[in-house]
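Source file: coords_14.tsv; contents: TSV, C-alpha atoms and all ligand atoms.
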```tsv
chain	number	residue	atom	x	y	z
A	1	MET	CA	20.61	-24.15	-4.94
A	2	LYS	CA	17.30	-22.56	-4.14
A	3	LYS	CA	16.10	-19.49	-5.95
A	4	ILE	CA	14.14	-17.21	-3.62
A	5	ARG	CA	11.08	-15.50	-5.04
A	6	LEU	CA	9.32	-12.75	-3.16
A	7	LEU	CA	5.56	-12.72	-3.68
A	8	THR	CA	4.73	-10.76	-0.55
A	9	PRO	CA	2.80	-7.51	-0.04
A	10	GLY	CA	5.95	-5.55	0.87
A	11	PRO	CA	8.84	-5.76	0.62
A	12	THR	CA	8.44	-6.70	-3.03
A	13	ALA	CA	10.87	-7.78	-5.76
A	14	ILE	CA	13.24	-5.15	-7.15
A	15	PRO	CA	14.29	-4.92	-10.82
A	16	GLU	CA	17.97	-5.51	-11.57
A	17	GLN	CA	18.46	-2.08	-13.11
A	18	VAL	CA	17.21	-0.55	-9.87
A	19	LEU	CA	19.37	-2.80	-7.69
A	20	SER	CA	22.45	-1.75	-9.62
A	21	LYS	CA	21.81	1.87	-8.58
A	22	PHE	CA	22.54	0.92	-4.98
A	23	ALA	CA	26.13	0.13	-5.96
A	24	GLU	CA	26.69	3.75	-7.03
A	25	PRO	CA	28.57	6.14	-4.72
A	26	VAL	CA	26.40	8.01	-2.27
A	27	ILE	CA	26.23	11.68	-3.17
A	28	HIS	CA	26.06	14.33	-0.47
A	29	HIS	CA	22.58	15.73	0.00
A	30	ARG	CA	23.54	19.40	0.38
A	31	THR	CA	24.77	19.61	-3.20
A	32	SER	CA	23.38	20.62	-6.56
A	33	LEU	CA	24.04	17.05	-7.72
A	34	PHE	CA	21.53	15.78	-5.16
A	35	GLU	CA	19.07	18.57	-5.93
A	36	ALA	CA	19.00	17.62	-9.60
A	37	LYS	CA	18.30	13.96	-8.73
A	38	PHE	CA	15.69	14.88	-6.16
A	39	LYS	CA	13.94	17.14	-8.68
A	40	GLN	CA	13.56	14.14	-10.99
A	41	LEU	CA	12.08	12.04	-8.20
A	42	GLN	CA	9.64	14.81	-7.23
A	43	ASP	CA	8.52	15.12	-10.81
A	44	HIS	CA	7.91	11.36	-11.06
A	45	LEU	CA	6.01	11.36	-7.76
A	46	LYS	CA	3.60	14.08	-8.89
A	47	TRP	CA	2.92	12.00	-11.96
A	48	LEU	CA	2.35	8.89	-9.86
A	49	PHE	CA	0.04	10.64	-7.37
A	50	GLN	CA	-1.76	12.47	-10.21
A	51	THR	CA	-1.39	15.75	-8.33
A	52	ARG	CA	0.00	19.24	-8.74
A	53	GLN	CA	0.79	19.29	-4.99
A	54	GLU	CA	4.27	18.71	-3.66
A	55	VAL	CA	4.68	15.00	-2.81
A	56	LEU	CA	6.94	14.94	0.22
A	57	THR	CA	9.59	12.26	0.57
A	58	LEU	CA	10.15	11.10	4.16
A	59	THR	CA	12.90	8.77	5.29
A	60	CYS	CA	10.85	6.22	7.22
A	61	THR	CA	8.47	3.40	6.36
A	62	GLY	CA	4.80	3.87	5.47
A	63	THR	CA	3.72	3.94	9.11
A	64	GLY	CA	5.88	7.03	9.63
A	65	ALA	CA	3.96	8.87	6.93
A	66	MET	CA	0.67	7.73	8.54
A	67	GLU	CA	1.90	9.11	11.86
A	68	SER	CA	2.98	12.36	10.18
A	69	ALA	CA	-0.52	12.79	8.75
A	70	VAL	CA	-2.09	12.51	12.20
A	71	ALA	CA	0.53	14.70	13.90
A	72	ASN	CA	0.27	17.47	11.29
A	73	LEU	CA	-3.46	17.71	10.60
A	74	PHE	CA	-4.97	17.58	14.06
A	75	SER	CA	-4.85	18.81	17.63
A	76	PRO	CA	-5.36	16.77	20.81
A	77	GLY	CA	-9.08	16.20	21.43
A	78	ASP	CA	-10.02	16.43	17.74
A	79	GLU	CA	-12.55	13.83	16.62
A	80	VAL	CA	-11.83	11.53	13.70
A	81	ILE	CA	-13.57	8.54	12.13
A	82	VAL	CA	-11.44	5.47	11.40
A	83	ALA	CA	-12.51	2.73	9.00
A	84	ASN	CA	-11.07	-0.36	10.66
A	85	ILE	CA	-11.44	-3.09	8.05
A	86	GLY	CA	-8.18	-4.85	8.98
A	87	LYS	CA	-4.83	-4.57	10.74
A	88	PHE	CA	-3.82	-1.41	8.93
A	89	GLY	CA	-7.13	0.28	9.69
A	90	GLU	CA	-6.54	-0.63	13.31
A	91	ARG	CA	-3.15	1.10	13.01
A	92	TRP	CA	-4.90	4.41	12.21
A	93	THR	CA	-6.80	4.05	15.49
A	94	LYS	CA	-3.62	3.32	17.46
A	95	ILE	CA	-1.77	6.30	15.98
A	96	ALA	CA	-4.70	8.68	16.46
A	97	LYS	CA	-5.10	7.61	20.09
A	98	THR	CA	-1.38	8.10	20.67
A	99	TYR	CA	-1.87	11.75	19.65
A	100	GLN	CA	-4.89	12.00	21.97
A	101	LEU	CA	-7.49	12.30	19.27
A	102	GLN	CA	-11.03	11.08	19.93
A	103	VAL	CA	-11.52	8.11	17.64
A	104	HIS	CA	-14.91	6.97	16.37
A	105	GLU	CA	-14.15	3.60	14.88
A	106	ILE	CA	-16.15	1.71	12.30
A	107	LEU	CA	-15.17	-1.90	12.94
A	108	VAL	CA	-15.83	-4.01	9.85
A	109	GLU	CA	-15.86	-7.81	9.78
A	110	ARG	CA	-12.54	-9.05	8.35
A	111	GLY	CA	-12.64	-9.60	4.60
A	112	HIS	CA	-15.25	-6.94	3.91
A	113	ALA	CA	-14.84	-3.39	2.67
A	114	LEU	CA	-16.28	-0.28	4.33
A	115	SER	CA	-19.91	0.17	3.31
A	116	LEU	CA	-20.78	3.70	2.21
A	117	SER	CA	-24.17	3.58	3.93
A	118	VAL	CA	-22.49	2.61	7.21
A	119	LEU	CA	-20.09	5.52	6.77
A	120	GLU	CA	-23.00	7.83	6.04
A	121	SER	CA	-24.73	6.96	9.32
A	122	LYS	CA	-21.46	7.30	11.23
A	123	LEU	CA	-21.03	10.79	9.76
A	124	LYS	CA	-24.51	11.71	11.07
A	125	GLU	CA	-23.68	10.27	14.51
A	126	CYS	CA	-20.41	12.25	14.72
A	127	PRO	CA	-21.14	15.78	13.54
A	128	ASN	CA	-17.88	17.08	15.05
A	129	ALA	CA	-15.57	14.64	13.30
A	130	LYS	CA	-12.90	16.37	11.23
A	131	ALA	CA	-11.67	13.53	9.05
A	132	VAL	CA	-12.08	9.98	7.88
A	133	LEU	CA	-8.93	7.85	8.06
A	134	PHE	CA	-8.99	4.76	5.87
A	135	GLN	CA	-7.02	2.38	3.62
A	136	ALA	CA	-7.52	2.21	-0.14
A	137	SER	CA	-6.63	-1.48	-0.15
A	138	GLU	CA	-6.40	-3.34	3.17
A	139	THR	CA	-3.33	-5.55	2.89
A	140	SER	CA	-4.19	-7.80	5.83
A	141	THR	CA	-7.46	-9.02	4.33
A	142	GLY	CA	-7.20	-8.26	0.59
A	143	ALA	CA	-10.31	-6.06	0.65
A	144	LEU	CA	-10.64	-3.00	-1.57
A	145	ASN	CA	-12.41	0.06	-0.14
A	146	PRO	CA	-14.70	2.26	-2.27
A	147	VAL	CA	-12.24	5.15	-2.23
A	148	LYS	CA	-14.09	7.47	-4.60
A	149	GLY	CA	-17.33	7.12	-2.65
A	150	ILE	CA	-15.57	7.67	0.69
A	151	VAL	CA	-13.88	10.82	-0.61
A	152	GLU	CA	-17.19	12.14	-2.00
A	153	LEU	CA	-18.95	11.60	1.33
A	154	CYS	CA	-16.11	13.39	3.12
A	155	LYS	CA	-16.33	16.34	0.76
A	156	LYS	CA	-20.12	16.56	1.03
A	157	ASN	CA	-19.88	16.65	4.83
A	158	GLY	CA	-16.83	18.91	5.10
A	159	LEU	CA	-14.43	16.26	6.43
A	160	LEU	CA	-10.87	15.58	5.34
A	161	SER	CA	-10.25	12.29	3.54
A	162	VAL	CA	-6.99	10.73	4.75
A	163	CYS	CA	-6.11	7.79	2.55
A	164	ASP	CA	-3.45	5.18	3.30
A	165	GLY	CA	-2.64	4.26	-0.28
A	166	ILE	CA	0.46	2.31	0.71
A	167	THR	CA	-0.60	-0.73	-1.34
A	168	ALA	CA	-2.67	1.19	-3.85
A	169	VAL	CA	-0.66	4.05	-5.36
A	170	GLY	CA	0.98	2.74	-8.53
A	171	ILE	CA	-1.42	-0.23	-8.65
A	172	LEU	CA	-4.92	1.16	-9.03
A	173	ASP	CA	-6.27	4.50	-10.21
A	174	LEU	CA	-6.38	7.08	-7.38
A	175	PRO	CA	-6.35	10.48	-9.10
A	176	MET	CA	-5.66	12.63	-6.04
A	177	ASP	CA	-6.60	16.04	-7.44
A	178	GLU	CA	-9.48	14.89	-9.62
A	179	TRP	CA	-11.20	13.00	-6.79
A	180	GLY	CA	-10.21	15.53	-4.14
A	181	ILE	CA	-8.34	13.13	-1.84
A	182	ASP	CA	-6.98	15.33	0.99
A	183	VAL	CA	-4.07	13.16	2.07
A	184	LEU	CA	-2.50	10.35	0.07
A	185	ILE	CA	0.33	8.16	1.32
A	186	THR	CA	2.54	5.41	-0.03
A	187	GLY	CA	5.80	3.63	0.81
A	188	SER	CA	8.88	2.62	-1.17
A	189	GLN	CA	8.72	-1.17	-0.63
A	190	LYS	CA	5.28	-1.69	-2.17
A	191	ALA	CA	4.40	-0.83	-5.79
A	192	LEU	CA	7.40	1.48	-6.21
A	193	MET	CA	9.82	-1.44	-6.64
A	194	LEU	CA	12.29	-0.19	-4.02
A	195	PRO	CA	13.61	-1.52	-0.70
A	196	PRO	CA	11.91	-0.29	2.49
A	197	GLY	CA	12.98	3.09	3.86
A	198	LEU	CA	11.10	5.89	2.14
A	199	ALA	CA	7.51	7.05	2.50
A	200	PHE	CA	5.65	9.61	0.42
A	201	ILE	CA	2.81	11.90	1.38
A	202	ALA	CA	0.83	14.59	-0.43
A	203	LEU	CA	-1.67	17.04	1.07
A	204	SER	CA	-4.47	19.02	-0.57
A	205	ASP	CA	-4.75	22.81	-0.04
A	206	ARG	CA	-7.43	22.13	2.58
A	207	ALA	CA	-5.17	19.68	4.40
A	208	TRP	CA	-2.27	22.16	4.33
A	209	SER	CA	-4.43	24.83	5.93
A	210	ASN	CA	-5.26	22.34	8.70
A	211	ALA	CA	-1.53	21.78	9.14
A	212	GLU	CA	-1.10	25.50	9.92
A	213	LYS	CA	-3.48	25.13	12.89
A	214	SER	CA	-2.40	21.72	14.20
A	215	LYS	CA	-1.26	21.57	17.83
A	216	CYS	CA	-0.13	17.95	18.04
A	217	PRO	CA	3.54	17.66	19.01
A	218	LYS	CA	5.98	16.91	16.17
A	219	PHE	CA	9.62	17.30	15.37
A	220	TYR	CA	11.05	14.83	12.83
A	221	PHE	CA	7.70	14.70	11.03
A	222	ASP	CA	7.03	18.45	10.80
A	223	LEU	CA	5.50	18.53	7.33
A	224	LEU	CA	5.42	22.33	7.01
A	225	ARG	CA	9.16	22.43	7.58
A	226	GLU	CA	9.62	19.56	5.09
A	227	LYS	CA	7.51	21.34	2.50
A	228	LYS	CA	9.59	24.51	2.75
A	229	MET	CA	12.77	22.48	2.25
A	230	GLN	CA	11.46	20.18	-0.45
A	231	GLU	CA	10.21	23.11	-2.50
A	232	LYS	CA	13.91	23.89	-2.81
A	233	GLN	CA	14.85	20.25	-3.60
A	234	GLN	CA	16.20	19.79	-0.12
A	235	THR	CA	15.06	17.75	2.89
A	236	ALA	CA	14.95	18.79	6.54
A	237	TRP	CA	17.14	15.84	7.61
A	238	THR	CA	19.59	13.54	5.86
A	239	PRO	CA	17.37	11.58	3.45
A	240	GLY	CA	17.74	7.99	2.26
A	241	ILE	CA	19.98	9.16	-0.57
A	242	SER	CA	20.55	5.74	-2.16
A	243	LEU	CA	16.84	5.02	-2.13
A	244	ILE	CA	16.21	8.35	-3.84
A	245	GLN	CA	18.79	7.44	-6.51
A	246	GLY	CA	17.07	4.07	-6.97
A	247	GLY	CA	13.64	5.73	-6.98
A	248	VAL	CA	14.51	7.88	-9.97
A	249	GLU	CA	15.23	4.65	-11.84
A	250	SER	CA	12.22	2.60	-10.66
A	251	LEU	CA	9.72	5.42	-11.11
A	252	GLY	CA	11.25	6.11	-14.51
A	253	MET	CA	10.46	2.50	-15.44
A	254	LEU	CA	6.88	2.85	-14.23
A	255	ARG	CA	6.48	6.12	-16.08
A	256	GLU	CA	7.64	4.49	-19.26
A	257	GLU	CA	4.96	1.83	-18.81
A	258	GLY	CA	2.33	4.54	-18.21
A	259	LEU	CA	-0.52	4.70	-15.69
A	260	PRO	CA	-3.24	3.05	-17.83
A	261	ALA	CA	-0.95	0.08	-18.58
A	262	ILE	CA	0.06	-0.21	-14.91
A	263	PHE	CA	-3.57	-0.33	-13.75
A	264	LYS	CA	-4.47	-2.80	-16.48
A	265	ARG	CA	-1.50	-5.08	-15.62
A	266	HIS	CA	-2.57	-5.33	-12.00
A	267	GLU	CA	-6.22	-5.91	-12.91
A	268	VAL	CA	-5.19	-8.75	-15.22
A	269	LEU	CA	-2.84	-10.34	-12.64
A	270	ALA	CA	-5.64	-10.24	-10.07
A	271	ARG	CA	-8.00	-11.90	-12.53
A	272	CYS	CA	-5.38	-14.58	-13.28
A	273	THR	CA	-4.91	-15.29	-9.56
A	274	ARG	CA	-8.64	-15.44	-8.80
A	275	SER	CA	-9.13	-17.75	-11.72
A	276	ALA	CA	-6.37	-20.07	-10.45
A	277	ALA	CA	-7.91	-20.09	-6.98
A	278	GLU	CA	-11.23	-21.14	-8.44
A	279	ALA	CA	-9.59	-23.87	-10.53
A	280	LEU	CA	-7.92	-25.25	-7.38
A	281	GLY	CA	-11.15	-25.15	-5.40
A	282	LEU	CA	-9.92	-22.40	-3.09
A	283	GLU	CA	-12.54	-19.95	-1.91
A	284	LEU	CA	-11.84	-16.20	-1.94
A	285	PHE	CA	-11.68	-14.69	1.54
A	286	SER	CA	-12.62	-11.13	0.67
A	287	SER	CA	-16.04	-10.07	-0.55
A	288	ALA	CA	-14.41	-7.04	-2.22
A	289	PRO	CA	-11.29	-8.54	-3.83
A	290	SER	CA	-8.50	-6.08	-4.50
A	291	PRO	CA	-6.27	-5.88	-7.60
A	292	VAL	CA	-3.33	-5.72	-5.17
A	293	LEU	CA	-3.39	-9.14	-3.59
A	294	THR	CA	-5.76	-12.09	-3.52
A	295	THR	CA	-6.66	-13.70	-0.22
A	296	VAL	CA	-7.97	-17.25	-0.26
A	297	LYS	CA	-9.35	-19.34	2.58
A	298	VAL	CA	-7.31	-22.33	3.65
A	299	PRO	CA	-9.54	-25.34	2.87
A	300	THR	CA	-11.53	-26.41	5.94
A	301	ARG	CA	-10.01	-29.92	5.81
A	302	PHE	CA	-6.78	-28.34	7.11
A	303	SER	CA	-6.22	-27.44	10.76
A	304	VAL	CA	-4.78	-24.01	11.62
A	305	ASP	CA	-1.33	-25.61	12.01
A	306	GLU	CA	-1.60	-27.32	8.64
A	307	GLY	CA	-2.77	-24.02	7.17
A	308	LYS	CA	0.44	-22.37	8.34
A	309	LYS	CA	2.36	-25.29	6.85
A	310	ILE	CA	1.24	-24.50	3.28
A	311	GLN	CA	3.11	-21.23	3.38
A	312	LYS	CA	6.06	-22.81	5.21
A	313	ILE	CA	6.44	-25.56	2.58
A	314	MET	CA	6.19	-23.04	-0.25
A	315	GLN	CA	9.01	-21.08	1.32
A	316	GLU	CA	11.32	-23.78	2.66
A	317	LYS	CA	10.93	-26.37	-0.08
A	318	TYR	CA	10.17	-24.27	-3.14
A	319	GLY	CA	11.66	-20.85	-2.31
A	320	VAL	CA	8.43	-18.98	-2.99
A	321	ILE	CA	7.62	-16.59	-0.17
A	322	ILE	CA	3.99	-15.65	0.30
A	323	THR	CA	2.20	-14.43	3.43
A	324	GLY	CA	-0.53	-16.01	5.49
A	325	GLY	CA	-3.02	-14.38	7.82
A	326	GLN	CA	-2.16	-12.31	10.88
A	327	ASP	CA	-3.64	-12.58	14.38
A	328	GLU	CA	-6.95	-14.45	14.31
A	329	LEU	CA	-6.49	-15.15	10.57
A	330	GLN	CA	-3.24	-17.11	11.11
A	331	GLY	CA	-3.43	-20.46	9.36
A	332	ARG	CA	-6.85	-19.57	7.96
A	333	ILE	CA	-5.98	-17.53	4.87
A	334	LEU	CA	-3.21	-17.25	2.30
A	335	ARG	CA	-2.33	-13.91	0.77
A	336	LEU	CA	-1.11	-14.08	-2.80
A	337	SER	CA	0.43	-10.77	-3.85
A	338	HIS	CA	0.54	-9.66	-7.45
A	339	PHE	CA	1.81	-6.11	-7.53
A	340	GLY	CA	5.00	-4.17	-8.09
A	341	TYR	CA	7.69	-5.77	-10.22
A	342	CYS	CA	5.36	-8.61	-11.07
A	343	ASP	CA	4.08	-10.19	-14.26
A	344	VAL	CA	2.05	-13.20	-15.34
A	345	PHE	CA	5.07	-15.52	-15.01
A	346	ASP	CA	5.52	-14.54	-11.37
A	347	VAL	CA	1.87	-15.32	-10.76
A	348	ALA	CA	2.17	-18.66	-12.58
A	349	THR	CA	5.27	-19.51	-10.52
A	350	GLY	CA	3.49	-18.71	-7.27
A	351	ILE	CA	0.48	-20.80	-8.23
A	352	GLY	CA	2.80	-23.63	-9.32
A	353	ALA	CA	4.47	-23.66	-5.89
A	354	LEU	CA	1.05	-23.56	-4.24
A	355	GLU	CA	-0.04	-26.62	-6.23
A	356	LEU	CA	3.07	-28.51	-5.13
A	357	ALA	CA	2.67	-27.53	-1.49
A	358	LEU	CA	-1.02	-28.48	-1.43
A	359	ASN	CA	-0.14	-31.83	-2.99
A	360	ASP	CA	2.57	-32.35	-0.33
A	361	LEU	CA	-0.17	-31.97	2.26
A	362	ALA	CA	-2.34	-34.57	0.50
A	363	TYR	CA	-4.81	-32.06	-0.89
A	364	PRO	CA	-6.03	-33.41	-4.23
A	365	VAL	CA	-4.35	-31.34	-6.95
A	366	GLU	CA	-4.32	-31.96	-10.65
A	367	PHE	CA	-0.92	-30.45	-11.49
A	368	GLY	CA	-1.16	-27.52	-13.86
A	369	LYS	CA	-4.82	-26.82	-13.24
A	370	GLY	CA	-4.13	-23.58	-11.39
A	371	VAL	CA	-1.20	-22.62	-13.61
A	372	GLY	CA	-3.30	-23.34	-16.70
A	373	ALA	CA	-6.07	-21.09	-15.36
A	374	VAL	CA	-3.52	-18.28	-14.91
A	375	LEU	CA	-2.34	-18.57	-18.51
A	376	LYS	CA	-5.87	-18.83	-19.87
A	377	ALA	CA	-7.04	-15.74	-17.98
A	378	PHE	CA	-3.95	-13.86	-19.18
A	379	HIS	CA	-4.54	-14.91	-22.77
A	380	GLN	CA	-8.19	-13.83	-22.63
A	381	ALA	CA	-7.43	-10.41	-21.14
B	1	LIG	C1	2.70	-2.14	4.38
B	1	LIG	C2	1.52	-1.30	4.77
B	1	LIG	C3	1.60	-0.33	5.77
B	1	LIG	C4	2.76	-0.16	6.70
B	1	LIG	O1	3.89	0.13	6.13
B	1	LIG	P1	5.32	-0.03	6.84
B	1	LIG	O2	6.13	0.35	5.68
B	1	LIG	O3	5.46	-1.44	7.29
B	1	LIG	O4	5.39	0.94	7.93
B	1	LIG	C5	0.50	0.47	6.01
B	1	LIG	N1	-0.64	0.32	5.31
B	1	LIG	C6	-0.76	-0.61	4.34
B	1	LIG	C7	-2.06	-0.72	3.62
B	1	LIG	C8	0.31	-1.45	4.05
B	1	LIG	O5	0.17	-2.39	3.11
```
Please lay out the structure from this file as structure tokens.
Amino acid sequence: MKKIRLLTPGPTAIPEQVLSKFAEPVIHHRTSLFEAKFKQLQDHLKWLFQTRQEVLTLTCTGTGAMESAVANLFSPGDEVIVANIGKFGERWTKIAKTYQLQVHEILVERGHALSLSVLESKLKECPNAKAVLFQASETSTGALNPVKGIVELCKKNGLLSVCDGITAVGILDLPMDEWGIDVLITGSQKALMLPPGLAFIALSDRAWSNAEKSKCPKFYFDLLREKKMQEKQQTAWTPGISLIQGGVESLGMLREEGLPAIFKRHEVLARCTRSAAEALGLELFSSAPSPVLTTVKVPTRFSVDEGKKIQKIMQEKYGVIITGGQDELQGRILRLSHFGYCDVFDVATGIGALELALNDLAYPVEFGKGVGAVLKAFHQA
């Protein structure tokens, strides 16, 4: 028997009481039964996004909502600034180019966050840019962007702030209305404790008025059409009905915990993980470590192939699934996730498996040193 534990940055673990919802009969979406359920989800989403705007539910993954933002806010030839601090930042560039926007990219060395002074000079260089597209937390590197500062600079210069909050909403504080974030996005398989298949997007008044003028082609992702439908608790197309039923349950659980407690939990789990890394002599990869996931450098004594092996051993021998680096970071970093349906015991388990795997590869480990650091940091919090 091997128990599988998911400590990855999406999909994430799902609570049993949410899983059991997927065994319920599927209700038809053009019914008042569905509308009542959907109303509950919409209400929870507004709470989660800290907004009075409609939070639209799309049946697609997070990337679909990113694409919908580009397709609905802009017209071909429009200029945008993209903060490329990792793979997901790069995705903004790819989507924007697909829709024939002119992209001014800020390419940031992997592991670092966007610097506000660099953004400020880019804004001066590109007076015609209409928006800044960025991630709140960059999942590929574990770096946290200064969201509030980015949004303020956008506002000051009359640009839209388009925030991929896919691994940030429900983890760290992003008060959409209070900060004036123009577009905020998340996905079901991250902090929302659901399987993949739904994405959520909210637009500010300013963003909606841009949507009225947008000339990019769109059909499935026509957000104005969705808004009209969703204001009546309906969706333009057949939605992921089971996921919506599960979402009412999982968001209900989060709501019961409350936003301050959610943010605190993730802060504490990040602190526990960083403290374990230090105890094991593992260096942090990111200079702006996120409360979402902790990236550590694979010790230099390991080759790239051995680096990949750490993760492989954790998975195949101990059943703990974590992620490594992508592209040029393969075998060079480990990404330890600590968000969603995750508590201190999940973190301790992950660190325990890491200790075993490192020991299997002849890295000197004093068993329990990392796990002990997790418990100590938790106790002190
Ligand atoms: C997971 C993730 C995405 C992409 O989401 P998909 O659901 O795989 O389409 C985008 N941005 C960030 C920051 C993510 O973590």
Rows by chain and residue number, chain A within 8 Å of ligand LIG 1 (chain B), shortest pair, all atoms listed in the file, as CSV:
```
residue,atom,partner,partner_atom,distance
A:Pro9,CA,B:LIG1,O5,6.6
A:Gly10,CA,B:LIG1,C1,5.9
A:Cys60,CA,B:LIG1,O4,7.6
A:Thr61,CA,B:LIG1,O2,3.9
A:Gly62,CA,B:LIG1,O2,3.8
A:Thr63,CA,B:LIG1,O4,3.6
A:Gly64,CA,B:LIG1,O4,6.3
A:Met66,CA,B:LIG1,C5,7.7
A:Phe88,CA,B:LIG1,N1,5.1
A:Gly89,CA,B:LIG1,N1,7.8
A:Arg91,CA,B:LIG1,C5,7.9
A:Gln135,CA,B:LIG1,C7,5.8
A:Ala136,CA,B:LIG1,C7,7.2
A:Ser137,CA,B:LIG1,C7,6.0
A:Glu138,CA,B:LIG1,C7,5.1
A:Thr139,CA,B:LIG1,O5,4.7
A:Ser140,CA,B:LIG1,O5,7.5
A:Asp164,CA,B:LIG1,N1,6.0
A:Gly165,CA,B:LIG1,C7,6.4
A:Ile166,CA,B:LIG1,C6,4.8
A:Thr167,CA,B:LIG1,O5,4.8
A:Ala168,CA,B:LIG1,C7,7.7
A:Gly187,CA,B:LIG1,O2,5.9
A:Ser188,CA,B:LIG1,O2,7.7
A:Gln189,CA,B:LIG1,O2,7.0
A:Lys190,CA,B:LIG1,C1,7.1
A:Pro196,CA,B:LIG1,O2,6.6
A:Gly197,CA,B:LIG1,O2,7.6
A:Ala199,CA,B:LIG1,O2,7.5
```
Write out as a PDB file with C-alpha atoms, keeping the file's coordinate frame which residues come within 7 Å of region 26-34 of chain A when counting all atoms listed in the file, dropping same-chain ones fewer than 5 positions away.
```
ATOM      1  CA  THR A 238      19.590  13.540   5.860  1.00  0.00           C
ATOM      2  CA  ILE A 241      19.980   9.160  -0.570  1.00  0.00           C
ATOM      3  CA  SER A 242      20.550   5.740  -2.160  1.00  0.00           C
TER       4      SER A 242
END
```
Would you pick out the contacts of region 334-347 of chain A at 9 Å or less, using all atoms listed in the file, so that residues sharing its chain but fewer than 5 positions from it are not included, and give the list as number ranges by chain?
A: 5, 7-10, 12-15, 139-142, 167, 170-171, 189-193, 265-266, 268-270, 272-273, 285, 291-298, 307-308, 310-311, 322-325, 352, 371, 374-375, 378
Next, dump the selected residues to file, keeping only C-alpha atoms, as a PDB file, in the frame of the given file.
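Output file out00.pdb is given in full below:
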```pdb
ATOM      1  CA  ARG A   5      11.080 -15.500  -5.040  1.00  0.00           C
ATOM      2  CA  LEU A   7       5.560 -12.720  -3.680  1.00  0.00           C
ATOM      3  CA  THR A   8       4.730 -10.760  -0.550  1.00  0.00           C
ATOM      4  CA  PRO A   9       2.800  -7.510  -0.040  1.00  0.00           C
ATOM      5  CA  GLY A  10       5.950  -5.550   0.870  1.00  0.00           C
ATOM      6  CA  THR A  12       8.440  -6.700  -3.030  1.00  0.00           C
ATOM      7  CA  ALA A  13      10.870  -7.780  -5.760  1.00  0.00           C
ATOM      8  CA  ILE A  14      13.240  -5.150  -7.150  1.00  0.00           C
ATOM      9  CA  PRO A  15      14.290  -4.920 -10.820  1.00  0.00           C
ATOM     10  CA  THR A 139      -3.330  -5.550   2.890  1.00  0.00           C
ATOM     11  CA  SER A 140      -4.190  -7.800   5.830  1.00  0.00           C
ATOM     12  CA  THR A 141      -7.460  -9.020   4.330  1.00  0.00           C
ATOM     13  CA  GLY A 142      -7.200  -8.260   0.590  1.00  0.00           C
ATOM     14  CA  THR A 167      -0.600  -0.730  -1.340  1.00  0.00           C
ATOM     15  CA  GLY A 170       0.980   2.740  -8.530  1.00  0.00           C
ATOM     16  CA  ILE A 171      -1.420  -0.230  -8.650  1.00  0.00           C
ATOM     17  CA  GLN A 189       8.720  -1.170  -0.630  1.00  0.00           C
ATOM     18  CA  LYS A 190       5.280  -1.690  -2.170  1.00  0.00           C
ATOM     19  CA  ALA A 191       4.400  -0.830  -5.790  1.00  0.00           C
ATOM     20  CA  LEU A 192       7.400   1.480  -6.210  1.00  0.00           C
ATOM     21  CA  MET A 193       9.820  -1.440  -6.640  1.00  0.00           C
ATOM     22  CA  ARG A 265      -1.500  -5.080 -15.620  1.00  0.00           C
ATOM     23  CA  HIS A 266      -2.570  -5.330 -12.000  1.00  0.00           C
ATOM     24  CA  VAL A 268      -5.190  -8.750 -15.220  1.00  0.00           C
ATOM     25  CA  LEU A 269      -2.840 -10.340 -12.640  1.00  0.00           C
ATOM     26  CA  ALA A 270      -5.640 -10.240 -10.070  1.00  0.00           C
ATOM     27  CA  CYS A 272      -5.380 -14.580 -13.280  1.00  0.00           C
ATOM     28  CA  THR A 273      -4.910 -15.290  -9.560  1.00  0.00           C
ATOM     29  CA  PHE A 285     -11.680 -14.690   1.540  1.00  0.00           C
ATOM     30  CA  PRO A 291      -6.270  -5.880  -7.600  1.00  0.00           C
ATOM     31  CA  VAL A 292      -3.330  -5.720  -5.170  1.00  0.00           C
ATOM     32  CA  LEU A 293      -3.390  -9.140  -3.590  1.00  0.00           C
ATOM     33  CA  THR A 294      -5.760 -12.090  -3.520  1.00  0.00           C
ATOM     34  CA  THR A 295      -6.660 -13.700  -0.220  1.00  0.00           C
ATOM     35  CA  VAL A 296      -7.970 -17.250  -0.260  1.00  0.00           C
ATOM     36  CA  LYS A 297      -9.350 -19.340   2.580  1.00  0.00           C
ATOM     37  CA  VAL A 298      -7.310 -22.330   3.650  1.00  0.00           C
ATOM     38  CA  GLY A 307      -2.770 -24.020   7.170  1.00  0.00           C
ATOM     39  CA  LYS A 308       0.440 -22.370   8.340  1.00  0.00           C
ATOM     40  CA  ILE A 310       1.240 -24.500   3.280  1.00  0.00           C
ATOM     41  CA  GLN A 311       3.110 -21.230   3.380  1.00  0.00           C
ATOM     42  CA  ILE A 322       3.990 -15.650   0.300  1.00  0.00           C
ATOM     43  CA  THR A 323       2.200 -14.430   3.430  1.00  0.00           C
ATOM     44  CA  GLY A 324      -0.530 -16.010   5.490  1.00  0.00           C
ATOM     45  CA  GLY A 325      -3.020 -14.380   7.820  1.00  0.00           C
ATOM     46  CA  GLY A 352       2.800 -23.630  -9.320  1.00  0.00           C
ATOM     47  CA  VAL A 371      -1.200 -22.620 -13.610  1.00  0.00           C
ATOM     48  CA  VAL A 374      -3.520 -18.280 -14.910  1.00  0.00           C
ATOM     49  CA  LEU A 375      -2.340 -18.570 -18.510  1.00  0.00           C
ATOM     50  CA  PHE A 378      -3.950 -13.860 -19.180  1.00  0.00           C
TER      51      PHE A 378
END
```
What lies within 12 Å of region 154-156 of chain A using only C-alpha atoms, ignoring chain neighbours under 2 positions off, as a PyMOL selection string?
chain A and resi 80-81+116+119-120+122-124+127+129-134+147-152+158-163+179-182+206
